[in-house]
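Below you'll find the structure, written out as structure tokens, and then a few comments.
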Amino acid sequence: MAGVFSVNVVGYVNKTVPAENFAVLSVPLNYTGSGGNNITNVVGGTIPDGTVLITVAPGGVFDDPETYFDGFGWFPGTAVLPPGKAFFIKPTGAQAAITFVGDVLQGTTTNEIPAGTSLTGSTVPQSLPLGDAASSAATTLQFPAVDGDNYIAWDVSTQGYKDPVTYFNGYGWFDSGVNGPGPVEGPAPAVAEGFFVEKLAPASWIRTLNVQ
């Protein structure tokens, strides 16, 4: 119909998780259909029977798991996973081919980061260095970093945490581990990759993205 158009950008993101391995993913898209960002809509694809998914509450406390059952789906199926929400997932017996489907969030979005330890991810499907609130929106994720913040990634190959990367005012991000010092703009999480952050005070992670 003439004069009718959509401002929505619908996409999908595929992530493969090896069998019997924990991985940390985050939701890169916004599901706008019936039921919204319920786990049953958000985490689909080829998922082995017995796969578990665990979200993490502020403070680093693990929530009760969701479990996937063939012929049924996720149980209890109550988790809500909006864009930027991160979680652990472990396939059982075979690898999982996770598919996220939904809209790319456009305009200005905010992901609230609490004080202490939390598990989070980008609200938009971009892989860029973390940066800080004053860095370029075109080349970084503009994470609201302040002095002493730590970024901690999960290593699927070793099934353990990587060395923390710390933010220093006036310098940027510094990796004290084997990959140090690393770029001052910080690490660049992959699309749909979640990570832990440690912050002394809560902050609003604000992103502005327009793709149309």
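Following the order of the structure tokens, first chain is A, next is B, and so on, with residues numbered from 1 inside each chain and ligands from 1 in the order they appear.
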
Closest atom pairs, residues of range 85-140 of chain A within 12 Å of range 160-175 of chain A, only C-alpha atoms, as a Markdown table:
```
| residue | atom | partner | partner_atom | distance |
| --- | --- | --- | --- | --- |
| A:Pro129 | CA | A:Trp173 | CA | 9.9 |
| A:Leu130 | CA | A:Trp173 | CA | 8.7 |
| A:Gly131 | CA | A:Gly172 | CA | 7.7 |
| A:Asp132 | CA | A:Gly172 | CA | 8.1 |
| A:Ala133 | CA | A:Gly172 | CA | 11.4 |
| A:Ala134 | CA | A:Gly172 | CA | 11.2 |
| A:Ser135 | CA | A:Gly172 | CA | 10.4 |
```

Shell of 9 Å around Gly50 in chain A, only C-alpha atoms, local chain residues under 2 positions omitted, as a PyMOL selection string = chain A and resi 47-48+52+67-70+90-93

Can you spit out the residues from that selection as a compact mmCIF listing (two decimals), in the first residue's frame, using N, CA and C atoms?
```
# COMPACT_ATOMS: atom_id res chain seq x y z
N ILE A 47 17.91 -27.12 20.12
CA ILE A 47 18.32 -27.17 21.52
C ILE A 47 18.17 -28.61 22.03
N PRO A 48 19.25 -29.24 22.50
CA PRO A 48 19.15 -30.62 22.98
C PRO A 48 18.31 -30.76 24.24
N VAL A 52 20.26 -26.62 30.04
CA VAL A 52 19.89 -25.72 31.14
C VAL A 52 20.32 -24.30 30.82
N THR A 67 15.02 -25.41 32.18
CA THR A 67 15.46 -26.63 31.52
C THR A 67 14.63 -26.87 30.27
N TYR A 68 15.31 -27.28 29.20
CA TYR A 68 14.62 -27.53 27.93
C TYR A 68 14.29 -29.01 27.79
N PHE A 69 13.03 -29.31 27.47
CA PHE A 69 12.57 -30.69 27.27
C PHE A 69 12.01 -30.84 25.85
N ASP A 70 12.50 -31.86 25.14
CA ASP A 70 11.98 -32.14 23.80
C ASP A 70 10.46 -32.34 23.85
N LYS A 90 23.96 -24.31 29.02
CA LYS A 90 24.77 -25.53 28.87
C LYS A 90 23.95 -26.60 28.15
N PRO A 91 24.31 -26.92 26.90
CA PRO A 91 23.62 -28.00 26.18
C PRO A 91 24.03 -29.37 26.74
N THR A 92 23.11 -30.30 26.67
CA THR A 92 23.36 -31.66 27.15
C THR A 92 23.41 -32.64 25.99
N GLY A 93 24.52 -33.38 25.87
CA GLY A 93 24.60 -34.45 24.88
C GLY A 93 25.01 -34.05 23.50
```

Within 8 Å of range 192-205 of chain A, which residues of range 37-133 of chain A show up? Give each one with its shortest atom-to-atom distance in Å (one decimal) and the two atoms involved, counting only C-alpha atoms, rows by chain then rising residue number, as CSV.
```
residue,atom,partner,partner_atom,distance
A:Lys85,CA,A:Gly194,CA,7.9
A:Ala86,CA,A:Gly194,CA,5.1
A:Phe87,CA,A:Gly194,CA,7.0
A:Thr110,CA,A:Trp205,CA,5.4
A:Asn111,CA,A:Trp205,CA,4.9
A:Glu112,CA,A:Ser204,CA,4.7
A:Ile113,CA,A:Ala203,CA,5.2
A:Pro114,CA,A:Pro202,CA,4.3
A:Ala115,CA,A:Pro202,CA,4.4
A:Gly116,CA,A:Lys199,CA,5.1
A:Thr117,CA,A:Glu198,CA,4.5
A:Ser118,CA,A:Phe196,CA,5.6
A:Leu119,CA,A:Phe196,CA,4.4
A:Thr120,CA,A:Gly194,CA,5.5
A:Gly121,CA,A:Gly194,CA,4.6
A:Ser122,CA,A:Ala192,CA,7.5
A:Pro125,CA,A:Ala192,CA,6.7
```

task = Give the alpha helix (DSSP H) residues of chain A, as assigned by DSSP on the backbone, as a list in words.
result =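 Output for chain A, alpha helix (DSSP H) only: Ile39, Thr40, Asn41 and Val42 of chain A.
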